[in-house]
file target.cif (mmCIF, C-alpha atoms)
data_structure
#
loop_
_atom_site.group_PDB
_atom_site.id
_atom_site.type_symbol
_atom_site.label_atom_id
_atom_site.label_comp_id
_atom_site.auth_asym_id
_atom_site.auth_seq_id
_atom_site.Cartn_x
_atom_site.Cartn_y
_atom_site.Cartn_z
ATOM 1 C CA MET A 581 38.858 -34.889 -16.932
ATOM 2 C CA SER A 582 41.032 -37.163 -14.852
ATOM 3 C CA GLY A 583 41.088 -37.255 -11.075
ATOM 4 C CA SER A 584 44.623 -35.786 -11.011
ATOM 5 C CA PHE A 585 43.261 -32.702 -12.767
ATOM 6 C CA PHE A 586 41.055 -31.896 -9.763
ATOM 7 C CA ARG A 587 43.765 -32.760 -7.249
ATOM 8 C CA GLY A 588 45.860 -29.876 -8.452
ATOM 9 C CA THR A 589 47.354 -30.554 -11.888
ATOM 10 C CA ASN A 590 46.428 -27.642 -14.128
ATOM 11 C CA LEU A 591 47.120 -26.946 -17.769
ATOM 12 C CA ALA A 592 50.162 -24.800 -17.025
ATOM 13 C CA GLN A 593 51.855 -27.572 -15.024
ATOM 14 C CA ASP A 594 51.235 -30.442 -17.443
ATOM 15 C CA GLN A 595 53.795 -30.375 -20.273
ATOM 16 C CA ARG A 596 51.289 -32.009 -22.626
ATOM 17 C CA PHE A 597 49.130 -28.942 -22.426
ATOM 18 C CA GLY A 598 51.803 -26.254 -22.047
ATOM 19 C CA ASP A 599 51.606 -25.047 -25.617
ATOM 20 C CA ALA A 600 47.826 -25.211 -25.605
ATOM 21 C CA THR A 601 47.737 -23.112 -22.443
ATOM 22 C CA GLN A 602 49.902 -20.398 -23.982
ATOM 23 C CA LYS A 603 47.740 -20.426 -27.093
ATOM 24 C CA LEU A 604 44.575 -20.113 -25.029
ATOM 25 C CA LYS A 605 46.144 -17.271 -23.056
ATOM 26 C CA SER A 606 46.898 -15.410 -26.245
ATOM 27 C CA GLN A 607 43.275 -15.827 -27.345
ATOM 28 C CA THR A 608 41.701 -14.915 -24.013
ATOM 29 C CA THR A 609 40.808 -11.516 -22.648
ATOM 30 C CA PHE A 610 41.956 -10.954 -19.079
ATOM 31 C CA SER A 611 41.235 -8.275 -16.532
ATOM 32 C CA SER A 612 44.194 -5.984 -15.922
ATOM 33 C CA VAL A 613 43.985 -6.806 -12.216
ATOM 34 C CA LEU A 614 45.438 -10.256 -12.946
ATOM 35 C CA LYS A 615 48.779 -8.607 -13.714
ATOM 36 C CA LYS A 616 49.208 -7.961 -10.004
ATOM 37 C CA ARG A 617 51.049 -10.576 -7.960
ATOM 38 C CA ILE A 618 49.282 -12.416 -5.171
ATOM 39 C CA ASP A 619 51.258 -13.613 -2.154
ATOM 40 C CA MET A 620 49.173 -16.421 -0.698
ATOM 41 C CA THR A 621 51.320 -16.499 2.456
ATOM 42 C CA LYS A 622 49.641 -13.205 3.359
ATOM 43 C CA VAL A 623 46.115 -14.397 2.573
ATOM 44 C CA ASN A 624 43.802 -16.119 5.045
ATOM 45 C CA LEU A 625 42.318 -18.598 2.577
ATOM 46 C CA GLU A 626 39.921 -20.085 5.121
ATOM 47 C CA ILE A 627 38.206 -16.693 5.340
ATOM 48 C CA ILE A 628 38.077 -16.450 1.535
ATOM 49 C CA LYS A 629 36.575 -19.928 0.971
ATOM 50 C CA PRO A 630 32.963 -18.968 1.841
ATOM 51 C CA TRP A 631 33.264 -15.997 -0.524
ATOM 52 C CA ILE A 632 34.451 -18.328 -3.329
ATOM 53 C CA SER A 633 31.494 -20.656 -2.736
ATOM 54 C CA ARG A 634 29.007 -17.768 -2.756
ATOM 55 C CA LYS A 635 30.521 -16.280 -5.914
ATOM 56 C CA ILE A 636 30.286 -19.584 -7.774
ATOM 57 C CA HIS A 637 26.650 -19.909 -6.698
ATOM 58 C CA GLU A 638 25.995 -16.323 -7.777
ATOM 59 C CA LEU A 639 27.405 -16.919 -11.264
ATOM 60 C CA LEU A 640 26.034 -20.416 -11.902
ATOM 61 C CA GLY A 641 22.848 -20.308 -9.867
ATOM 62 C CA ILE A 642 23.811 -23.593 -8.202
ATOM 63 C CA GLU A 643 26.361 -24.874 -5.706
ATOM 64 C CA ASP A 644 29.249 -26.645 -7.421
ATOM 65 C CA GLU A 645 31.468 -28.424 -4.888
ATOM 66 C CA VAL A 646 33.802 -29.785 -7.577
ATOM 67 C CA LEU A 647 34.455 -26.335 -9.009
ATOM 68 C CA PHE A 648 34.869 -24.889 -5.518
ATOM 69 C CA GLU A 649 37.494 -27.482 -4.583
ATOM 70 C CA TYR A 650 39.250 -26.952 -7.900
ATOM 71 C CA VAL A 651 39.566 -23.195 -7.328
ATOM 72 C CA VAL A 652 40.832 -23.727 -3.776
ATOM 73 C CA ASN A 653 43.371 -26.328 -4.951
ATOM 74 C CA MET A 654 44.769 -23.965 -7.574
ATOM 75 C CA LEU A 655 45.204 -21.251 -4.951
ATOM 76 C CA GLN A 656 46.984 -23.685 -2.643
ATOM 77 C CA GLU A 657 49.403 -25.011 -5.283
ATOM 78 C CA SER A 658 51.673 -21.989 -5.176
ATOM 79 C CA ASP A 659 52.422 -18.991 -3.004
ATOM 80 C CA ALA A 660 52.090 -16.927 -6.177
ATOM 81 C CA PRO A 661 49.261 -18.410 -8.284
ATOM 82 C CA ASP A 662 48.974 -17.554 -11.982
ATOM 83 C CA GLY A 663 45.670 -15.717 -12.402
ATOM 84 C CA LYS A 664 45.656 -15.992 -16.195
ATOM 85 C CA ALA A 665 46.276 -19.734 -16.108
ATOM 86 C CA MET A 666 43.507 -20.087 -13.563
ATOM 87 C CA GLN A 667 41.073 -18.233 -15.812
ATOM 88 C CA VAL A 668 41.992 -20.476 -18.740
ATOM 89 C CA ASN A 669 41.462 -23.551 -16.566
ATOM 90 C CA LEU A 670 38.113 -22.253 -15.301
ATOM 91 C CA THR A 671 36.702 -21.310 -18.695
ATOM 92 C CA GLY A 672 35.458 -24.878 -19.213
ATOM 93 C CA PHE A 673 33.355 -24.490 -16.063
ATOM 94 C CA LEU A 674 32.351 -20.841 -16.126
ATOM 95 C CA GLU A 675 32.627 -20.113 -19.852
ATOM 96 C CA SER A 676 32.067 -16.396 -20.469
ATOM 97 C CA LYS A 677 31.799 -15.755 -16.728
ATOM 98 C CA ALA A 678 35.351 -16.940 -16.031
ATOM 99 C CA MET A 679 36.781 -13.437 -16.537
ATOM 100 C CA GLU A 680 34.258 -11.889 -14.130
ATOM 101 C CA PHE A 681 34.991 -14.544 -11.528
ATOM 102 C CA MET A 682 38.757 -14.127 -11.743
ATOM 103 C CA GLN A 683 38.553 -10.342 -11.624
ATOM 104 C CA SER A 684 36.462 -10.537 -8.442
ATOM 105 C CA LEU A 685 38.632 -13.278 -6.934
ATOM 106 C CA TRP A 686 41.883 -11.442 -7.641
ATOM 107 C CA THR A 687 40.473 -8.207 -6.221
ATOM 108 C CA ILE A 688 39.490 -9.898 -2.976
ATOM 109 C CA LEU A 689 42.870 -11.665 -2.744
ATOM 110 C CA LEU A 690 44.760 -8.397 -3.274
ATOM 111 C CA GLU A 691 42.651 -6.818 -0.577
ATOM 112 C CA ALA A 692 43.278 -9.757 1.750
ATOM 113 C CA GLN A 693 47.068 -9.678 1.453
ATOM 114 C CA LYS A 694 47.016 -6.031 2.526
ATOM 115 C CA GLY A 695 44.572 -6.539 5.386
ATOM 116 C CA PRO A 696 45.405 -7.483 8.973
ATOM 117 C CA GLY A 697 45.512 -11.245 9.382
ATOM 118 C CA GLY A 698 45.049 -11.744 5.668
ATOM 119 C CA VAL A 699 41.382 -10.768 5.897
ATOM 120 C CA PRO A 700 39.819 -8.500 3.234
ATOM 121 C CA GLU A 701 38.459 -5.273 4.689
ATOM 122 C CA SER A 702 35.351 -5.521 2.500
ATOM 123 C CA LEU A 703 34.462 -8.864 4.075
ATOM 124 C CA VAL A 704 34.908 -7.355 7.532
ATOM 125 C CA ARG A 705 32.630 -4.456 6.587
ATOM 126 C CA GLY A 706 30.172 -6.911 5.118
ATOM 127 C CA LYS A 707 30.071 -8.894 8.362
ATOM 128 C CA ILE A 708 29.573 -5.698 10.346
ATOM 129 C CA GLU A 709 26.708 -4.609 8.091
ATOM 130 C CA GLU A 710 25.210 -8.091 8.285
ATOM 131 C CA ALA A 711 25.383 -7.964 12.084
ATOM 132 C CA LYS A 712 23.722 -4.516 12.046
ATOM 133 C CA LEU A 713 20.925 -5.774 9.817
ATOM 134 C CA GLN A 714 20.390 -8.795 12.047
ATOM 135 C CA ARG A 715 20.320 -6.571 15.122
ATOM 136 C CA ALA A 716 17.876 -4.187 13.444
ATOM 137 C CA GLU A 717 15.653 -7.121 12.477
ATOM 138 C CA GLN A 718 15.753 -8.447 16.031
ATOM 139 C CA GLU A 719 14.787 -5.003 17.322
ATOM 140 C CA LYS A 720 11.851 -4.899 14.895
ATOM 141 C CA ILE A 721 10.702 -8.296 16.132
ATOM 142 C CA MET A 722 11.001 -7.144 19.747
ATOM 143 C CA ASP A 723 9.038 -3.961 18.928
ATOM 144 C CA ARG A 724 6.286 -6.010 17.267
ATOM 145 C CA MET A 725 6.150 -8.330 20.275
ATOM 146 C CA LYS A 726 5.999 -5.339 22.641
ATOM 147 C CA SER A 727 3.195 -3.758 20.609
ATOM 148 C CA ALA A 728 1.290 -7.041 20.644
ATOM 149 C CA ASP A 729 1.693 -7.278 24.438
ATOM 150 C CA GLU A 730 0.485 -3.701 24.842
ATOM 151 C CA ARG A 731 -2.578 -4.418 22.699
ATOM 152 C CA VAL A 732 -3.363 -7.485 24.797
ATOM 153 C CA GLN A 733 -2.931 -5.494 28.014
ATOM 154 C CA ASN A 734 -5.114 -2.668 26.680
ATOM 155 C CA ALA A 735 -7.766 -5.166 25.672
ATOM 156 C CA GLU A 736 -7.684 -6.761 29.119
ATOM 157 C CA THR A 737 -7.859 -3.339 30.778
ATOM 158 C CA ALA A 738 -10.835 -2.354 28.626
ATOM 159 C CA GLU A 739 -12.538 -5.652 29.372
ATOM 160 C CA ASN A 740 -11.942 -5.224 33.106
ATOM 161 C CA ALA A 741 -13.244 -1.639 32.952
ATOM 162 C CA GLU A 742 -16.336 -2.785 31.066
ATOM 163 C CA THR A 743 -16.922 -5.571 33.601
ATOM 164 C CA ALA A 744 -16.529 -3.113 36.489
ATOM 165 C CA GLU A 745 -18.862 -0.641 34.796
ATOM 166 C CA THR A 746 -21.448 -3.363 34.213
ATOM 167 C CA ALA A 747 -21.188 -4.466 37.842
ATOM 168 C CA GLU A 748 -21.503 -0.860 39.036
ATOM 169 C CA THR A 749 -24.519 -0.272 36.807
ATOM 170 C CA ALA A 750 -26.164 -3.425 38.108
ATOM 171 C CA GLU A 751 -25.453 -2.412 41.691
ATOM 172 C CA THR A 752 -26.841 1.092 41.069
ATOM 173 C CA ALA A 753 -29.985 -0.348 39.538
ATOM 174 C CA GLU A 754 -30.386 -2.724 42.458
ATOM 175 C CA ASN A 755 -29.936 0.122 44.944
ATOM 176 C CA ALA A 756 -32.471 2.236 43.055
ATOM 177 C CA GLU A 757 -34.974 -0.598 43.069
ATOM 178 C CA THR A 758 -34.420 -1.124 46.796
ATOM 179 C CA ALA A 759 -34.906 2.581 47.462
ATOM 180 C CA GLU A 760 -38.053 2.601 45.336
ATOM 181 C CA ASN A 761 -39.410 -0.343 47.287
ATOM 182 C CA GLU A 762 -38.606 1.398 50.548
ATOM 183 C CA VAL A 763 -40.398 4.556 49.371
ATOM 184 C CA THR A 764 -43.404 2.519 48.323
ATOM 185 C CA GLU A 765 -43.573 0.794 51.696
ATOM 186 C CA ALA A 766 -43.281 4.180 53.448
ATOM 187 C CA GLU A 767 -46.087 5.595 51.297
ATOM 188 C CA ILE A 768 -48.291 2.616 52.090
ATOM 189 C CA GLY A 769 -47.594 3.107 55.794
ATOM 190 C CA THR A 770 -48.478 6.783 55.584
ATOM 191 C CA VAL A 771 -51.739 6.050 53.788
ATOM 192 C CA ALA A 772 -52.598 3.423 56.372
ATOM 193 C CA ILE A 773 -52.009 5.933 59.168
ATOM 194 C CA GLU A 774 -54.119 8.516 57.406
ATOM 195 C CA VAL A 775 -56.954 6.008 56.934
ATOM 196 C CA GLU A 776 -56.729 4.974 60.531
ATOM 197 C CA THR A 777 -56.810 8.623 61.636
ATOM 198 C CA VAL A 778 -59.875 9.300 59.510
ATOM 199 C CA GLU A 779 -61.642 6.242 60.821
ATOM 200 C CA THR A 780 -60.816 7.245 64.407
ATOM 201 C CA ALA A 781 -62.177 10.727 63.811
ATOM 202 C CA GLU A 782 -65.368 9.390 62.279
ATOM 203 C CA THR A 783 -65.841 7.035 65.202
ATOM 204 C CA ALA A 784 -65.397 9.903 67.634
ATOM 205 C CA ASP A 785 -67.934 11.988 65.772
ATOM 206 C CA MET A 786 -70.478 9.234 65.815
ATOM 207 C CA THR A 787 -69.934 8.692 69.546
ATOM 208 C CA GLY A 788 -70.377 12.378 70.302
ATOM 209 C CA THR A 789 -73.522 12.584 68.287
ATOM 210 C CA GLY A 790 -75.097 9.659 69.993
#

call {"tool": "encode", "arguments": {"input": "target.cif", "output": "structure tokens"}}
result
Amino acid sequence: MSGSFFRGTNLAQDQRFGDATQKLKSQTTFSSVLKKRIDMTKVNLEIIKPWISRKIHELLGIEDEVLFEYVVNMLQESDAPDGKAMQVNLTGFLESKAMEFMQSLWTILLEAQKGPGGVPESLVRGKIEEAKLQRAEQEKIMDRMKSADERVQNAETAENAETAETAETAETAENAETAENEVTEAEIGTVAIEVETVETAETADMTGTG
């Protein structure tokens, strides 16, 4: 295909292919939605472009910049683009998926020309839902982070409690040992006094006897 083909010349505009276009139209099945007129002056095409790119990727499984630019050019050629001619022109790229693409494209364009600012309501709803999902995901992440922090804090608290308990146990044991030592010393002192008392008594007895 020549460069002029991608810059905007389609089969319907080129006299050499006029008859062929009409023949292809008569042999092609079109969605009934293409019968409805599109007024591109009421459509915000810049908002629609990302949708076109995503739809092409969805149908082909790859990004096709050439096809994307071709679709955009055809929509920009006229304030009232010919949906059937577009489908014929796109069949070489999309083959059996051309009808599905055009039906979806025309539906979104019809929606856009009725929407405020030329923006399709479905895209607005989609953005709102996307924002909600992102917010929900962010909240989940924050909840997981909060739970992780709480687990760390609980672990630190438990560790501190265990350390305090160990220290208290050690201190209690030390105090008990000290008390035991003090009791032992007291008992030794008592025994010593008793021995001394006995010895004193014995000495007194011996003195008296003598």

call {"tool": "resolve_selection", "arguments": {"input": "target.cif", "expression": "the PyMOL selection byres ((chain A and resi 696-698) around 10)", "output": "list in words"}}
result
Met620, Thr621, Lys622, Val623, Asn624, Leu625, Glu626, Ile627, Ile628, Leu689, Leu690, Glu691, Ala692, Gln693, Lys694, Gly695, Val699, Pro700 and Glu701 of chain A

call {"tool": "residues_around", "arguments": {"input": "target.cif", "residues": "Val651 (chain A)", "least_positions_apart": "2", "cutoff": "10 Å", "atoms": "only C-alpha atoms", "output": "number ranges by chain"}}
result
A: 586, 588, 629, 632-633, 636, 645-649, 653-656, 666-667, 669-670, 685

call {"tool": "atom_distance", "arguments": {"input": "target.cif", "atom1": "CA of Arg724 (chain A)", "atom2": "CA of Lys712 (chain A)"}}
result
18.3 Å

call {"tool": "resolve_selection", "arguments": {"input": "target.cif", "expression": "the PyMOL selection byres ((chain A and resi 683) around 9)", "output": "JSON, numbers by chain"}}
result
{"A": [610, 611, 612, 613, 614, 663, 678, 679, 680, 681, 682, 684, 685, 686, 687, 688]}

call {"tool": "atom_distance", "arguments": {"input": "target.cif", "atom1": "CA of Trp631 (chain A)", "atom2": "CA of Ile708 (chain A)"}}
result
15.4 Å

call {"tool": "resolve_selection", "arguments": {"input": "target.cif", "expression": "the PyMOL selection byres ((chain A and resi 617) around 9)", "output": "ChimeraX atom specification"}}
result
/A:614-616,618-619,660-663,690

call {"tool": "write_last_selection", "arguments": {"input": "target.cif", "atoms": "C-alpha atoms", "output": "PDB file, keeping the file's coordinate frame"}}
result
ATOM      1  CA  LEU A 614      45.438 -10.256 -12.946  1.00  0.00           C
ATOM      2  CA  LYS A 615      48.779  -8.607 -13.714  1.00  0.00           C
ATOM      3  CA  LYS A 616      49.208  -7.961 -10.004  1.00  0.00           C
ATOM      4  CA  ILE A 618      49.282 -12.416  -5.171  1.00  0.00           C
ATOM      5  CA  ASP A 619      51.258 -13.613  -2.154  1.00  0.00           C
ATOM      6  CA  ALA A 660      52.090 -16.927  -6.177  1.00  0.00           C
ATOM      7  CA  PRO A 661      49.261 -18.410  -8.284  1.00  0.00           C
ATOM      8  CA  ASP A 662      48.974 -17.554 -11.982  1.00  0.00           C
ATOM      9  CA  GLY A 663      45.670 -15.717 -12.402  1.00  0.00           C
ATOM     10  CA  LEU A 690      44.760  -8.397  -3.274  1.00  0.00           C
TER      11      LEU A 690
END

call {"tool": "atom_distance", "arguments": {"input": "target.cif", "atom1": "CA of Val668 (chain A)", "atom2": "CA of Lys605 (chain A)"}}
result
6.8 Å

call {"tool": "axis_aligned_box", "arguments": {"input": "target.cif", "around": "region 663-680 of chain A", "padding_each_side": "4 Å", "output": "lines of an AutoDock Vina configuration file"}}
result
center_x = 39.0
center_y = -18.4
center_z = -16.4
size_x = 22.5
size_y = 21.0
size_z = 16.1

call {"tool": "decode", "arguments": {"input": "target.cif", "residues": "region 662-691 of chain A", "atoms": "N, CA and C atoms", "output": "CSV table (one decimal), in the first residue's frame"}}
result
chain,number,residue,atom,x,y,z
A,662,ASP,N,-17.9,7.4,6.9
A,662,ASP,CA,-18.6,6.3,6.3
A,662,ASP,C,-18.2,5.0,7.0
A,663,GLY,N,-19.0,4.5,7.9
A,663,GLY,CA,-18.6,3.3,8.7
A,663,GLY,C,-18.5,2.1,7.8
A,664,LYS,N,-19.3,2.0,6.8
A,664,LYS,CA,-19.2,0.8,5.9
A,664,LYS,C,-17.9,0.8,5.1
A,665,ALA,N,-17.6,2.0,4.6
A,665,ALA,CA,-16.3,2.1,3.9
A,665,ALA,C,-15.1,1.9,4.8
A,666,MET,N,-15.2,2.3,6.0
A,666,MET,CA,-14.1,2.1,7.0
A,666,MET,C,-14.0,0.6,7.2
A,667,GLN,N,-15.0,-0.1,7.3
A,667,GLN,CA,-15.0,-1.6,7.6
A,667,GLN,C,-14.3,-2.3,6.4
A,668,VAL,N,-14.7,-1.9,5.2
A,668,VAL,CA,-14.1,-2.4,4.0
A,668,VAL,C,-12.6,-2.2,4.0
A,669,ASN,N,-12.2,-1.0,4.3
A,669,ASN,CA,-10.8,-0.6,4.3
A,669,ASN,C,-10.0,-1.3,5.4
A,670,LEU,N,-10.7,-1.7,6.5
A,670,LEU,CA,-10.0,-2.3,7.6
A,670,LEU,C,-10.0,-3.8,7.5
A,671,THR,N,-10.7,-4.4,6.6
A,671,THR,CA,-10.8,-5.8,6.5
A,671,THR,C,-9.4,-6.4,6.2
A,672,GLY,N,-8.6,-5.7,5.4
A,672,GLY,CA,-7.3,-6.2,5.1
A,672,GLY,C,-6.4,-6.3,6.3
A,673,PHE,N,-6.7,-5.5,7.3
A,673,PHE,CA,-5.9,-5.6,8.6
A,673,PHE,C,-6.5,-6.5,9.6
A,674,LEU,N,-7.8,-6.4,9.7
A,674,LEU,CA,-8.5,-7.2,10.8
A,674,LEU,C,-9.2,-8.4,10.3
A,675,GLU,N,-9.4,-8.5,9.0
A,675,GLU,CA,-10.0,-9.7,8.4
A,675,GLU,C,-11.4,-9.9,9.0
A,676,SER,N,-11.7,-11.1,9.6
A,676,SER,CA,-13.0,-11.4,10.1
A,676,SER,C,-13.4,-10.6,11.3
A,677,LYS,N,-12.4,-9.9,11.9
A,677,LYS,CA,-12.7,-9.1,13.1
A,677,LYS,C,-13.0,-7.7,12.8
A,678,ALA,N,-13.0,-7.3,11.5
A,678,ALA,CA,-13.3,-5.9,11.1
A,678,ALA,C,-14.7,-5.5,11.5
A,679,MET,N,-15.7,-6.4,11.4
A,679,MET,CA,-17.0,-6.1,11.7
A,679,MET,C,-17.2,-5.9,13.2
A,680,GLU,N,-16.6,-6.7,14.0
A,680,GLU,CA,-16.6,-6.5,15.5
A,680,GLU,C,-16.0,-5.2,15.9
A,681,PHE,N,-14.9,-4.9,15.3
A,681,PHE,CA,-14.2,-3.6,15.6
A,681,PHE,C,-15.1,-2.4,15.3
A,682,MET,N,-15.6,-2.4,14.1
A,682,MET,CA,-16.4,-1.3,13.6
A,682,MET,C,-17.7,-1.2,14.4
A,683,GLN,N,-18.3,-2.3,14.8
A,683,GLN,CA,-19.5,-2.2,15.6
A,683,GLN,C,-19.2,-1.6,17.0
A,684,SER,N,-18.1,-2.0,17.6
A,684,SER,CA,-17.7,-1.4,18.9
A,684,SER,C,-17.3,0.0,18.7
A,685,LEU,N,-16.5,0.4,17.7
A,685,LEU,CA,-16.1,1.7,17.4
A,685,LEU,C,-17.3,2.7,17.2
A,686,TRP,N,-18.3,2.2,16.4
A,686,TRP,CA,-19.4,3.1,16.1
A,686,TRP,C,-20.3,3.3,17.3
A,687,THR,N,-20.4,2.2,18.2
A,687,THR,CA,-21.2,2.3,19.4
A,687,THR,C,-20.6,3.4,20.3
A,688,ILE,N,-19.3,3.3,20.4
A,688,ILE,CA,-18.6,4.3,21.3
A,688,ILE,C,-18.7,5.7,20.8
A,689,LEU,N,-18.6,5.8,19.5
A,689,LEU,CA,-18.7,7.2,18.8
A,689,LEU,C,-20.1,7.7,19.0
A,690,LEU,N,-21.1,6.9,18.8
A,690,LEU,CA,-22.5,7.3,19.0
A,690,LEU,C,-22.7,7.8,20.5
A,691,GLU,N,-22.2,7.1,21.4
A,691,GLU,CA,-22.3,7.4,22.8
A,691,GLU,C,-21.6,8.7,23.1
